[in-house]
file input-v4.cif (mmCIF, C-alpha atoms)
data_work
#
loop_
_atom_site.label_atom_id
_atom_site.label_comp_id
_atom_site.auth_asym_id
_atom_site.auth_seq_id
_atom_site.Cartn_x
_atom_site.Cartn_y
_atom_site.Cartn_z
CA MET A 431 84.63 78.52 93.84
CA SER A 432 87.66 78.50 96.11
CA LYS A 433 88.85 81.99 97.03
CA LEU A 434 92.11 83.16 98.56
CA ARG A 435 91.14 85.83 101.07
CA PHE A 436 92.09 87.46 104.33
CA SER A 437 90.37 89.42 107.12
CA VAL A 438 92.42 91.80 109.24
CA SER A 439 91.67 94.47 111.82
CA ILE A 440 93.69 97.62 111.26
CA SER A 441 93.92 100.98 112.95
CA LEU A 442 92.77 104.11 111.16
CA ASP A 443 96.44 104.80 110.47
CA GLY A 444 96.77 101.39 108.85
CA TYR A 445 98.58 99.17 111.36
CA LEU A 446 97.64 95.57 112.13
CA ALA A 447 100.00 95.53 115.11
CA GLY A 448 101.44 98.29 117.24
CA PRO A 449 105.09 99.09 117.95
CA ASP A 450 107.38 96.93 120.09
CA GLN A 451 105.93 93.49 119.36
CA THR A 452 107.19 90.82 121.76
CA ARG A 453 106.19 87.29 122.71
CA GLN A 454 104.45 88.81 125.73
CA ALA A 455 102.64 91.40 123.59
CA PRO A 456 102.44 89.88 120.11
CA LEU A 457 100.20 92.69 118.86
CA GLY A 458 102.54 95.40 120.13
CA VAL A 459 101.72 98.43 122.24
CA GLY A 460 98.02 99.19 121.93
CA GLY A 461 97.46 96.40 119.44
CA GLU A 462 94.86 94.59 121.53
CA ASP A 463 92.57 97.59 120.96
CA LEU A 464 92.35 96.61 117.30
CA HIS A 465 90.06 93.77 118.34
CA ALA A 466 88.07 95.55 121.06
CA TRP A 467 85.02 95.53 118.78
CA ALA A 468 85.06 91.71 118.66
CA PHE A 469 85.74 90.65 122.25
CA PRO A 470 82.24 91.31 123.69
CA LEU A 471 80.40 89.48 120.91
CA VAL A 472 78.69 86.11 121.04
CA ALA A 473 80.23 85.32 117.65
CA TRP A 474 83.71 85.76 119.16
CA ARG A 475 83.13 84.41 122.64
CA SER A 476 81.44 81.23 121.47
CA ARG A 477 84.57 80.41 119.43
CA GLN A 478 86.62 80.70 122.64
CA GLY A 479 84.17 78.47 124.50
CA LEU A 480 82.84 81.40 126.52
CA PRO A 481 79.15 81.84 127.33
CA GLY A 482 77.00 84.87 126.59
CA GLY A 483 77.97 88.12 124.93
CA GLU A 484 76.53 90.81 122.72
CA VAL A 485 74.99 90.67 119.28
CA ASN A 486 75.46 93.39 116.67
CA ALA A 487 76.31 93.83 112.99
CA SER A 488 79.86 92.59 113.53
CA GLY A 489 78.64 89.10 114.41
CA GLN A 490 77.85 88.24 110.82
CA ILE A 491 81.26 89.50 109.73
CA ILE A 492 82.96 87.16 112.18
CA ASP A 493 80.76 84.26 111.10
CA GLU A 494 81.58 84.90 107.42
CA THR A 495 85.30 85.03 108.20
CA PHE A 496 85.22 81.51 109.60
CA ALA A 497 82.67 80.02 107.20
CA ASN A 498 83.64 77.80 104.25
CA VAL A 499 87.35 77.76 105.11
CA GLY A 500 89.25 74.70 103.89
CA ALA A 501 92.80 75.73 104.78
CA TYR A 502 94.89 78.53 106.24
CA ILE A 503 98.26 79.95 105.26
CA MET A 504 100.38 81.95 107.69
CA GLY A 505 103.88 83.37 107.99
CA ARG A 506 106.47 82.01 110.37
CA ASN A 507 106.16 85.02 112.69
CA MET A 508 102.47 84.37 113.16
CA PHE A 509 103.14 80.78 114.05
CA GLY A 510 106.29 81.37 116.01
CA GLY A 511 105.67 84.75 117.58
CA GLY A 512 108.37 86.93 116.13
CA PRO A 513 112.09 86.41 116.02
CA GLY A 514 113.59 83.54 117.98
CA PRO A 515 114.33 79.90 117.29
CA TRP A 516 110.87 78.44 117.76
CA TRP A 517 111.92 75.57 115.53
CA ALA A 518 114.65 74.60 118.00
CA THR A 519 112.90 74.72 121.36
CA ASP A 520 112.63 71.67 123.56
CA PRO A 521 109.87 70.57 123.74
CA PRO A 522 109.12 71.74 120.18
CA TRP A 523 107.01 74.89 119.86
CA THR A 524 103.44 74.05 118.84
CA GLY A 525 102.12 77.56 118.22
CA TRP A 526 100.22 80.04 120.33
CA TRP A 527 96.93 78.30 120.51
CA GLY A 528 97.30 75.44 122.96
CA THR A 529 96.28 71.88 122.24
CA ASN A 530 93.12 72.77 120.27
CA PRO A 531 93.84 75.69 117.90
CA PRO A 532 90.92 77.63 116.42
CA TYR A 533 91.64 76.63 112.80
CA HIS A 534 90.17 73.11 112.57
CA THR A 535 91.72 72.65 109.11
CA PRO A 536 95.21 72.20 107.66
CA VAL A 537 97.38 75.28 108.25
CA PHE A 538 100.38 75.89 105.99
CA VAL A 539 103.21 77.77 107.69
CA LEU A 540 105.78 79.51 105.48
CA THR A 541 109.21 78.92 106.98
CA HIS A 542 112.82 78.13 106.16
CA HIS A 543 112.90 75.32 108.71
CA ALA A 544 111.67 71.93 107.60
CA ARG A 545 109.63 70.05 110.14
CA GLU A 546 107.23 67.12 110.18
CA PRO A 547 103.52 68.00 110.10
CA LEU A 548 102.13 68.78 113.54
CA PRO A 549 98.61 67.40 114.10
CA LEU A 550 96.76 68.89 117.06
CA GLU A 551 93.26 68.47 118.42
CA GLY A 552 90.11 69.60 116.66
CA GLY A 553 91.31 69.01 113.12
CA THR A 554 94.15 71.52 113.02
CA THR A 555 97.37 70.23 111.45
CA PHE A 556 100.29 72.58 110.91
CA HIS A 557 102.29 71.88 107.76
CA PHE A 558 105.66 73.56 107.39
CA VAL A 559 106.37 74.73 103.85
CA THR A 560 109.97 75.55 102.98
CA ASP A 561 109.70 75.99 99.21
CA GLY A 562 107.85 79.26 99.00
CA LEU A 563 104.46 80.92 98.80
CA GLU A 564 103.43 79.37 95.48
CA SER A 565 104.00 75.91 96.87
CA ALA A 566 102.06 76.72 100.01
CA LEU A 567 99.15 77.93 97.91
CA VAL A 568 99.15 74.80 95.75
CA GLN A 569 99.18 72.60 98.85
CA ALA A 570 96.51 74.67 100.57
CA ARG A 571 94.28 74.57 97.51
CA ALA A 572 94.52 70.81 97.34
CA ALA A 573 93.78 70.49 101.05
CA ALA A 574 90.88 72.94 100.90
CA ALA A 575 89.03 70.78 98.37
CA GLY A 576 87.02 73.63 96.90
CA LYS A 577 86.58 75.64 100.07
CA ASP A 578 88.27 79.00 100.65
CA ILE A 579 91.86 79.52 101.74
CA VAL A 580 92.46 82.21 104.34
CA ILE A 581 95.77 83.98 104.86
CA GLY A 582 96.05 84.33 108.61
CA GLY A 583 98.88 86.86 108.47
CA GLY A 584 101.05 88.64 109.17
CA ALA A 585 101.43 91.72 107.04
CA HIS A 586 104.47 90.46 105.15
CA THR A 587 102.75 87.24 104.12
CA ILE A 588 99.62 89.09 103.00
CA GLN A 589 101.73 91.57 101.03
CA GLN A 590 103.57 88.76 99.27
CA TYR A 591 100.35 87.09 98.12
CA LEU A 592 98.82 90.43 97.08
CA ALA A 593 101.96 91.34 95.15
CA ALA A 594 101.96 87.97 93.39
CA GLY A 595 98.37 88.49 92.27
CA HIS A 596 96.91 85.51 94.09
CA VAL A 597 94.45 87.20 96.45
CA ASP A 598 90.78 87.23 95.46
CA GLU A 599 89.23 89.08 98.38
CA VAL A 600 90.41 91.64 100.94
CA ASN A 601 88.52 92.19 104.21
CA VAL A 602 89.54 94.98 106.56
CA SER A 603 87.95 95.95 109.85
CA ILE A 604 88.97 99.53 110.60
CA ALA A 605 89.19 100.25 114.30
CA PRO A 606 88.81 103.86 115.50
CA ILE A 607 92.31 104.08 116.94
CA PHE A 608 95.72 105.40 115.99
CA LEU A 609 98.68 103.12 116.74
CA GLY A 610 101.31 105.54 115.45
CA GLY A 611 103.76 102.78 114.56
CA GLY A 612 104.18 99.05 114.18
CA GLU A 613 103.36 96.80 111.27
CA ARG A 614 101.44 98.44 108.43
CA LEU A 615 99.15 96.14 106.48
CA PHE A 616 99.24 97.86 103.09
CA ASP A 617 102.90 98.61 102.51
CA HIS A 618 105.55 97.54 100.02
CA LEU A 619 102.91 96.82 97.37
CA PRO A 620 103.60 97.03 93.65
CA ALA A 621 101.60 99.38 91.46
CA GLY A 622 98.66 98.05 89.53
CA ILE A 623 96.60 96.13 92.09
CA LYS A 624 92.96 96.94 91.32
CA LEU A 625 90.22 96.66 93.92
CA GLU A 626 86.45 96.87 93.75
CA GLN A 627 84.54 97.72 96.88
CA VAL A 628 81.96 95.02 97.51
CA ARG A 629 80.38 96.34 100.68
CA ALA A 630 80.96 98.35 103.85
CA VAL A 631 79.27 97.57 107.17
CA ASP A 632 78.81 100.15 109.91
CA ALA A 633 79.05 98.37 113.27
CA PRO A 634 79.61 99.63 116.82
CA GLY A 635 83.21 100.77 117.10
CA VAL A 636 84.37 99.42 113.75
CA THR A 637 83.82 99.60 109.98
CA HIS A 638 84.11 96.40 107.97
CA ILE A 639 84.94 96.74 104.26
CA LYS A 640 85.11 93.94 101.72
CA TYR A 641 86.97 94.33 98.40
CA ARG A 642 87.25 92.09 95.38
CA VAL A 643 90.63 92.07 93.66
CA ALA A 644 90.00 92.80 89.98
CA ARG A 645 91.80 90.77 87.34
CA MET B 819 78.15 124.67 118.30
CA SER B 820 81.09 125.48 116.08
CA LYS B 821 83.20 122.43 115.21
CA LEU B 822 86.68 122.16 113.75
CA ARG B 823 86.50 119.35 111.24
CA PHE B 824 87.92 118.02 108.00
CA SER B 825 86.86 115.70 105.17
CA VAL B 826 89.51 113.95 103.11
CA SER B 827 89.56 111.17 100.53
CA ILE B 828 92.31 108.67 101.15
CA SER B 829 93.48 105.49 99.47
CA LEU B 830 93.16 102.16 101.25
CA ASP B 831 96.86 102.48 102.04
CA GLY B 832 96.24 105.86 103.65
CA TYR B 833 97.45 108.47 101.16
CA LEU B 834 95.61 111.69 100.35
CA ALA B 835 97.95 112.37 97.44
CA GLY B 836 100.12 110.09 95.35
CA PRO B 837 103.84 110.29 94.75
CA ASP B 838 105.54 112.99 92.65
CA GLN B 839 103.21 115.90 93.32
CA THR B 840 103.78 118.82 90.94
CA ARG B 841 101.91 121.96 89.94
CA GLN B 842 100.69 120.03 86.90
CA ALA B 843 99.60 117.05 89.01
CA PRO B 844 98.92 118.47 92.48
CA LEU B 845 97.47 115.15 93.70
CA GLY B 846 100.49 113.18 92.49
CA VAL B 847 100.55 110.05 90.36
CA GLY B 848 97.17 108.33 90.60
CA GLY B 849 95.83 110.89 93.06
CA GLU B 850 92.88 111.94 90.90
CA ASP B 851 91.47 108.43 91.42
CA LEU B 852 90.91 109.30 95.09
CA HIS B 853 87.98 111.42 93.98
CA ALA B 854 86.60 109.20 91.22
CA TRP B 855 83.59 108.40 93.42
CA ALA B 856 82.61 112.09 93.53
CA PHE B 857 83.07 113.32 89.97
CA PRO B 858 79.92 111.75 88.44
CA LEU B 859 77.59 113.03 91.16
CA VAL B 860 75.05 115.83 90.98
CA ALA B 861 76.24 116.98 94.40
CA TRP B 862 79.74 117.47 93.00
CA ARG B 863 78.92 118.65 89.49
CA SER B 864 76.43 121.26 90.61
CA ARG B 865 79.18 122.88 92.72
CA GLN B 866 81.29 123.14 89.57
CA GLY B 867 78.41 124.67 87.65
CA LEU B 868 77.96 121.49 85.63
CA PRO B 869 74.53 120.09 84.70
CA GLY B 870 73.22 116.60 85.38
CA GLY B 871 74.97 113.74 87.08
CA GLU B 872 74.25 110.73 89.25
CA VAL B 873 72.63 110.44 92.66
CA ASN B 874 73.75 107.94 95.30
CA ALA B 875 74.60 107.72 99.00
CA SER B 876 77.70 109.87 98.54
CA GLY B 877 75.62 112.90 97.62
CA GLN B 878 74.54 113.52 101.18
CA ILE B 879 78.14 113.20 102.36
CA ILE B 880 79.24 115.92 99.95
CA ASP B 881 76.32 118.13 100.97
CA GLU B 882 77.18 117.73 104.66
CA THR B 883 80.81 118.58 103.98
CA PHE B 884 79.85 121.96 102.56
CA ALA B 885 76.92 122.72 104.91
CA ASN B 886 77.20 125.10 107.87
CA VAL B 887 80.79 126.12 107.09
CA GLY B 888 81.80 129.58 108.35
CA ALA B 889 85.51 129.53 107.55
CA TYR B 890 88.30 127.38 106.14
CA ILE B 891 91.90 126.91 107.19
CA MET B 892 94.52 125.57 104.82
CA GLY B 893 98.27 125.12 104.61
CA ARG B 894 100.46 127.11 102.27
CA ASN B 895 101.01 124.14 99.95
CA MET B 896 97.30 123.77 99.40
CA PHE B 897 97.00 127.43 98.52
CA GLY B 898 100.26 127.69 96.65
CA GLY B 899 100.60 124.28 95.09
CA GLY B 900 103.73 122.84 96.57
CA PRO B 901 107.20 124.31 96.73
CA GLY B 902 107.91 127.48 94.82
CA PRO B 903 107.63 131.20 95.53
CA TRP B 904 103.92 131.67 94.94
CA TRP B 905 104.10 134.74 97.15
CA ALA B 906 106.54 136.40 94.76
CA THR B 907 104.94 135.83 91.35
CA ASP B 908 103.92 138.73 89.13
CA PRO B 909 100.98 139.05 88.92
CA PRO B 910 100.49 137.73 92.47
CA TRP B 911 99.27 134.13 92.77
CA THR B 912 95.60 134.01 93.71
CA GLY B 913 95.25 130.27 94.30
CA TRP B 914 94.11 127.37 92.18
CA TRP B 915 90.48 128.17 91.91
CA GLY B 916 90.14 131.06 89.45
CA THR B 917 88.19 134.22 90.15
CA ASN B 918 85.35 132.52 92.04
CA PRO B 919 86.75 129.89 94.43
CA PRO B 920 84.43 127.23 95.87
CA TYR B 921 84.80 128.39 99.49
CA HIS B 922 82.43 131.39 99.69
CA THR B 923 83.72 132.23 103.18
CA PRO B 924 86.94 133.59 104.69
CA VAL B 925 89.87 131.21 104.17
CA PHE B 926 92.87 131.38 106.50
CA VAL B 927 96.14 130.32 104.87
CA LEU B 928 99.02 129.32 107.14
CA THR B 929 102.21 130.81 105.71
CA HIS B 930 105.46 132.50 106.60
CA HIS B 931 104.86 135.24 104.04
CA ALA B 932 102.75 138.21 105.10
CA ARG B 933 100.32 139.48 102.51
CA GLU B 934 97.25 141.68 102.41
CA PRO B 935 93.90 139.84 102.43
CA LEU B 936 92.84 138.74 98.95
CA PRO B 937 89.10 139.14 98.31
CA LEU B 938 87.76 137.23 95.33
CA GLU B 939 84.29 136.70 93.89
CA GLY B 940 81.53 134.77 95.57
CA GLY B 941 82.45 135.68 99.14
CA THR B 942 85.85 133.98 99.32
CA THR B 943 88.58 136.07 100.94
CA PHE B 944 92.01 134.56 101.56
CA HIS B 945 93.69 135.77 104.76
CA PHE B 946 97.39 135.02 105.21
CA VAL B 947 98.29 134.09 108.77
CA THR B 948 101.97 134.25 109.72
CA ASP B 949 101.75 133.75 113.49
CA GLY B 950 100.82 130.09 113.68
CA LEU B 951 97.99 127.59 113.79
CA GLU B 952 96.50 128.80 117.07
CA SER B 953 96.17 132.31 115.69
CA ALA B 954 94.60 131.02 112.50
CA LEU B 955 92.06 129.05 114.54
CA VAL B 956 91.17 132.09 116.69
CA GLN B 957 90.70 134.22 113.60
CA ALA B 958 88.70 131.52 111.82
CA ARG B 959 86.46 131.01 114.82
CA ALA B 960 85.69 134.71 114.99
CA ALA B 961 84.98 134.83 111.27
CA ALA B 962 82.83 131.69 111.37
CA ALA B 963 80.42 133.29 113.85
CA GLY B 964 79.19 130.02 115.28
CA LYS B 965 79.38 127.95 112.12
CA ASP B 966 81.92 125.17 111.59
CA ILE B 967 85.54 125.61 110.57
CA VAL B 968 86.88 123.19 107.98
CA ILE B 969 90.56 122.36 107.56
CA GLY B 970 90.98 122.12 103.80
CA GLY B 971 94.38 120.41 103.99
CA GLY B 972 96.99 119.28 103.38
CA ALA B 973 98.13 116.40 105.53
CA HIS B 974 100.67 118.42 107.50
CA THR B 975 98.13 121.07 108.48
CA ILE B 976 95.58 118.45 109.52
CA GLN B 977 98.23 116.61 111.55
CA GLN B 978 99.22 119.80 113.34
CA TYR B 979 95.65 120.54 114.40
CA LEU B 980 95.04 116.92 115.43
CA ALA B 981 98.25 116.87 117.46
CA ALA B 982 97.33 120.12 119.19
CA GLY B 983 93.96 118.64 120.22
CA HIS B 984 91.81 121.16 118.36
CA VAL B 985 89.95 118.86 115.94
CA ASP B 986 86.38 117.86 116.84
CA GLU B 987 85.46 115.68 113.89
CA VAL B 988 87.32 113.52 111.37
CA ASN B 989 85.74 112.50 108.06
CA VAL B 990 87.51 110.10 105.74
CA SER B 991 86.32 108.74 102.41
CA ILE B 992 88.26 105.56 101.71
CA ALA B 993 88.76 104.94 98.00
CA PRO B 994 89.37 101.36 96.80
CA ILE B 995 92.84 102.08 95.46
CA PHE B 996 96.46 101.72 96.51
CA LEU B 997 98.72 104.69 95.82
CA GLY B 998 101.87 103.07 97.19
CA GLY B 999 103.47 106.35 98.14
CA GLY B 1000 102.87 110.08 98.48
CA GLU B 1001 101.43 112.03 101.38
CA ARG B 1002 99.95 109.95 104.18
CA LEU B 1003 97.07 111.53 106.07
CA PHE B 1004 97.54 109.90 109.47
CA ASP B 1005 101.23 110.14 110.13
CA HIS B 1006 103.46 111.87 112.68
CA LEU B 1007 100.66 111.85 115.26
CA PRO B 1008 101.29 111.82 119.01
CA ALA B 1009 99.93 109.01 121.17
CA GLY B 1010 96.69 109.51 123.02
CA ILE B 1011 94.27 110.82 120.39
CA LYS B 1012 90.95 109.07 121.08
CA LEU B 1013 88.31 108.61 118.41
CA GLU B 1014 84.71 107.42 118.48
CA GLN B 1015 83.18 106.09 115.31
CA VAL B 1016 80.00 108.03 114.61
CA ARG B 1017 78.91 106.33 111.40
CA ALA B 1018 80.06 104.58 108.26
CA VAL B 1019 78.32 104.89 104.89
CA ASP B 1020 78.63 102.28 102.15
CA ALA B 1021 78.46 104.07 98.79
CA PRO B 1022 79.41 103.01 95.25
CA GLY B 1023 83.20 102.88 95.05
CA VAL B 1024 83.87 104.47 98.44
CA THR B 1025 83.30 104.13 102.18
CA HIS B 1026 82.69 107.29 104.21
CA ILE B 1027 83.49 107.18 107.93
CA LYS B 1028 82.86 109.92 110.47
CA TYR B 1029 84.66 110.02 113.83
CA ARG B 1030 84.26 112.25 116.84
CA VAL B 1031 87.48 113.14 118.65
CA ALA B 1032 86.97 112.25 122.31
CA ARG B 1033 88.11 114.69 124.99
#
call {"tool": "encode", "arguments": {"input": "input-v4.cif", "output": "structure tokens"}}
result
Amino acid sequence: MSKLRFSVSISLDGYLAGPDQTRQAPLGVGGEDLHAWAFPLVAWRSRQGLPGGEVNASGQIIDETFANVGAYIMGRNMFGGGPGPWWATDPPWTGWWGTNPPYHTPVFVLTHHAREPLPLEGGTTFHFVTDGLESALVQARAAAAGKDIVIGGGAHTIQQYLAAGHVDEVNVSIAPIFLGGGERLFDHLPAGIKLEQVRAVDAPGVTHIKYRVAR
Amino acid sequence: MSKLRFSVSISLDGYLAGPDQTRQAPLGVGGEDLHAWAFPLVAWRSRQGLPGGEVNASGQIIDETFANVGAYIMGRNMFGGGPGPWWATDPPWTGWWGTNPPYHTPVFVLTHHAREPLPLEGGTTFHFVTDGLESALVQARAAAAGKDIVIGGGAHTIQQYLAAGHVDEVNVSIAPIFLGGGERLFDHLPAGIKLEQVRAVDAPGVTHIKYRVAR
């Protein structure tokens, strides 16, 4: 059955991005280190078209993250890279990911700025949703056709879907670093969200934990 | 070799105690749930003098926490239970733990209020240290005679020792709950603390992660 889920790397102090995020450093100061566990791996490199790499317990986690995904949802900052009129640039901003983004499915971007759908190579089409998170979820569910829907981020978008009770599965990869500031993943949440730990995986330089959201 | 270490249960949003801590609810609203994974276990119950219980992967974690400990250090709030003149009660406050506290070693309490050492049953003696965290560590190291020193808490005391570069090992048990407020364990830390993940243990209802602090 179709799940709404997300997978995020966070620091031990709970940040998914460090302080002082900019277009040049979209993960903030130190934020790249959140993903240091992934960069050397075959499972990561092969998705970037790079040869070789290492194999360890994290590979399966990466593979699961990308398996059975029918659609993505993301916030405007994740598409547009923080504040700034990405919707008004000339030529129009097409996201961070070049001509062939790594999604290969419809991607629903929450925004206040209406825009025609943006089809790119490899099956990725960005759809711009201006009527809220419920509408984006309905559209994503239809597009996903029974496959899972993944919330790409950022923190605010994830928090909104958690708060609204729509998320089925939470995946966090806890990196052994302190960022000391930035964007905290689990913040501004209402009381009463119940989780069940499904599994934890000990991998080199990271711990992956999967939770089911209880109803 | 003698290590300075600590073991703390935290929520997925990073709190070691919930909001609205009082003497009646020293872990704050919802804070008892941080330890729900431990309460049913033989390893926990036997330390409370209770019979029976369950056995799972968390048992070894609890046993390791209490093994090879030569001394404890704790903040005044942990000894005294939050704000209030515990040092001026009549009869004098002797801590939370009754006549036979679970420490069975010297315990060094950081405080601004000088007081004679307080020996209780079972080998626990509380020493009140008024000249700072370095002094408490020197005294604890001497008392521990080569065994480990454990920081009992709370968050502020742990943060001070982390910031000063004295901590060798960090142990967190991540409970599958959100507390949404309270006392955050990893807060107010300076940049530059380097961790290495030693191991993660998947246990029912909790994930235990051990880190070495890199020098």
call {"tool": "resolve_selection", "arguments": {"input": "input-v4.cif", "expression": "the PyMOL selection byres ((chain B) within 10 of (chain A))", "output": "PDB file with C-alpha atoms, in the frame of the given file"}}
result
ATOM      1  CA  LEU B 830      93.160 102.160 101.250  1.00  0.00           C
ATOM      2  CA  ASP B 831      96.860 102.480 102.040  1.00  0.00           C
ATOM      3  CA  GLY B 832      96.240 105.860 103.650  1.00  0.00           C
ATOM      4  CA  VAL B 990      87.510 110.100 105.740  1.00  0.00           C
ATOM      5  CA  ILE B 992      88.260 105.560 101.710  1.00  0.00           C
ATOM      6  CA  ALA B 993      88.760 104.940  98.000  1.00  0.00           C
ATOM      7  CA  PRO B 994      89.370 101.360  96.800  1.00  0.00           C
ATOM      8  CA  ILE B 995      92.840 102.080  95.460  1.00  0.00           C
ATOM      9  CA  PHE B 996      96.460 101.720  96.510  1.00  0.00           C
ATOM     10  CA  LEU B 997      98.720 104.690  95.820  1.00  0.00           C
ATOM     11  CA  GLY B 998     101.870 103.070  97.190  1.00  0.00           C
ATOM     12  CA  GLY B 999     103.470 106.350  98.140  1.00  0.00           C
ATOM     13  CA  ARG B1002      99.950 109.950 104.180  1.00  0.00           C
ATOM     14  CA  LEU B1003      97.070 111.530 106.070  1.00  0.00           C
ATOM     15  CA  PHE B1004      97.540 109.900 109.470  1.00  0.00           C
ATOM     16  CA  ASP B1005     101.230 110.140 110.130  1.00  0.00           C
ATOM     17  CA  HIS B1006     103.460 111.870 112.680  1.00  0.00           C
ATOM     18  CA  LEU B1007     100.660 111.850 115.260  1.00  0.00           C
ATOM     19  CA  PRO B1008     101.290 111.820 119.010  1.00  0.00           C
ATOM     20  CA  ALA B1009      99.930 109.010 121.170  1.00  0.00           C
ATOM     21  CA  GLY B1010      96.690 109.510 123.020  1.00  0.00           C
ATOM     22  CA  ILE B1011      94.270 110.820 120.390  1.00  0.00           C
ATOM     23  CA  LYS B1012      90.950 109.070 121.080  1.00  0.00           C
ATOM     24  CA  LEU B1013      88.310 108.610 118.410  1.00  0.00           C
ATOM     25  CA  GLU B1014      84.710 107.420 118.480  1.00  0.00           C
ATOM     26  CA  GLN B1015      83.180 106.090 115.310  1.00  0.00           C
ATOM     27  CA  VAL B1016      80.000 108.030 114.610  1.00  0.00           C
ATOM     28  CA  ARG B1017      78.910 106.330 111.400  1.00  0.00           C
ATOM     29  CA  ALA B1018      80.060 104.580 108.260  1.00  0.00           C
ATOM     30  CA  VAL B1019      78.320 104.890 104.890  1.00  0.00           C
ATOM     31  CA  ASP B1020      78.630 102.280 102.150  1.00  0.00           C
ATOM     32  CA  ALA B1021      78.460 104.070  98.790  1.00  0.00           C
ATOM     33  CA  PRO B1022      79.410 103.010  95.250  1.00  0.00           C
ATOM     34  CA  GLY B1023      83.200 102.880  95.050  1.00  0.00           C
ATOM     35  CA  VAL B1024      83.870 104.470  98.440  1.00  0.00           C
ATOM     36  CA  THR B1025      83.300 104.130 102.180  1.00  0.00           C
ATOM     37  CA  HIS B1026      82.690 107.290 104.210  1.00  0.00           C
ATOM     38  CA  ILE B1027      83.490 107.180 107.930  1.00  0.00           C
ATOM     39  CA  LYS B1028      82.860 109.920 110.470  1.00  0.00           C
ATOM     40  CA  TYR B1029      84.660 110.020 113.830  1.00  0.00           C
ATOM     41  CA  ARG B1030      84.260 112.250 116.840  1.00  0.00           C
ATOM     42  CA  VAL B1031      87.480 113.140 118.650  1.00  0.00           C
TER      43      VAL B1031
END
call {"tool": "residues_near_point", "arguments": {"input": "input-v4.cif", "point": "(109.0, 90.6, 118.8)", "cutoff": "12 Å", "atoms": "only C-alpha atoms", "output": "PyMOL selection string"}}
result
chain A and resi 447-459+507-508+510-514+612-613
call {"tool": "closest_residue", "arguments": {"input": "input-v4.cif", "among": "A:Ala497, A:Ala573, A:Arg477, A:Gly460", "to": "Asn530 in chain A", "atoms": "all atoms listed in the file"}}
result
A:Arg477
call {"tool": "atom_distance", "arguments": {"input": "input-v4.cif", "atom1": "CA of Pro858 in chain B", "atom2": "CA of Ile828 in chain B"}}
result
18.0 Å
call {"tool": "resolve_selection", "arguments": {"input": "input-v4.cif", "expression": "the PyMOL selection byres ((chain B and resi 925) around 7)", "output": "list in words"}}
result
Ala889, Tyr890, Ile891, Thr923, Pro924, Phe926, Val927, Thr942, Thr943, Phe944 and His945 of chain B
call {"tool": "residues_near_point", "arguments": {"input": "input-v4.cif", "point": "(91.1, 89.5, 105.3)", "cutoff": "10 Å", "atoms": "all atoms listed in the file", "output": "compact mmCIF listing (two decimals) with C-alpha atoms, in the coordinates of the input"}}
result
# COMPACT_ATOMS: atom_id res chain seq x y z
CA LEU A 434 92.11 83.16 98.56
CA ARG A 435 91.14 85.83 101.07
CA PHE A 436 92.09 87.46 104.33
CA SER A 437 90.37 89.42 107.12
CA VAL A 438 92.42 91.80 109.24
CA SER A 439 91.67 94.47 111.82
CA THR A 495 85.30 85.03 108.20
CA VAL A 580 92.46 82.21 104.34
CA ILE A 581 95.77 83.98 104.86
CA GLY A 582 96.05 84.33 108.61
CA GLY A 583 98.88 86.86 108.47
CA ILE A 588 99.62 89.09 103.00
CA VAL A 597 94.45 87.20 96.45
CA GLU A 599 89.23 89.08 98.38
CA VAL A 600 90.41 91.64 100.94
CA ASN A 601 88.52 92.19 104.21
CA VAL A 602 89.54 94.98 106.56
CA SER A 603 87.95 95.95 109.85
CA ILE A 639 84.94 96.74 104.26
CA LYS A 640 85.11 93.94 101.72
CA TYR A 641 86.97 94.33 98.40
call {"tool": "closest_residue", "arguments": {"input": "input-v4.cif", "among": "B:Lys965, B:His974, B:His931, B:His984", "to": "Glu952 in chain B", "atoms": "all atoms listed in the file"}}
result
B:His984
call {"tool": "resolve_selection", "arguments": {"input": "input-v4.cif", "expression": "the PyMOL selection byres ((chain A and resi 574-576) around 8)", "output": "VMD selection string"}}
result
chain A and resid 431 to 432 499 to 501 570 to 573 577 to 579
call {"tool": "atom_distance", "arguments": {"input": "input-v4.cif", "atom1": "CA of Gly972 in chain B", "atom2": "CA of Ala875 in chain B"}}
result
25.6 Å
call {"tool": "closest_residue", "arguments": {"input": "input-v4.cif", "among": "A:Leu480, A:Ala466, A:Met504, A:Thr560", "to": "Gln590 in chain A", "atoms": "all atoms listed in the file"}}
result
A:Met504
call {"tool": "atom_distance", "arguments": {"input": "input-v4.cif", "atom1": "CA of Tyr533 in chain A", "atom2": "CA of Phe558 in chain A"}}
result
15.3 Å
call {"tool": "closest_residue", "arguments": {"input": "input-v4.cif", "among": "A:Tyr591, A:Glu484, A:Leu548, A:Phe496", "to": "Trp523 in chain A", "atoms": "only C-alpha atoms"}}
result
A:Leu548
call {"tool": "residues_around", "arguments": {"input": "input-v4.cif", "residues": "Arg475 in chain A", "least_positions_apart": "4", "cutoff": "12 Å", "atoms": "all atoms listed in the file", "output": "ChimeraX atom specification"}}
result
/A:467-471,479-485,489,492-493
call {"tool": "write_last_selection", "arguments": {"input": "input-v4.cif", "atoms": "C-alpha atoms", "output": "CSV table (one decimal), in the coordinates of the input"}}
result
chain,number,residue,atom,x,y,z
A,467,TRP,CA,85.0,95.5,118.8
A,468,ALA,CA,85.1,91.7,118.7
A,469,PHE,CA,85.7,90.6,122.2
A,470,PRO,CA,82.2,91.3,123.7
A,471,LEU,CA,80.4,89.5,120.9
A,479,GLY,CA,84.2,78.5,124.5
A,480,LEU,CA,82.8,81.4,126.5
A,481,PRO,CA,79.2,81.8,127.3
A,482,GLY,CA,77.0,84.9,126.6
A,483,GLY,CA,78.0,88.1,124.9
A,484,GLU,CA,76.5,90.8,122.7
A,485,VAL,CA,75.0,90.7,119.3
A,489,GLY,CA,78.6,89.1,114.4
A,492,ILE,CA,83.0,87.2,112.2
A,493,ASP,CA,80.8,84.3,111.1
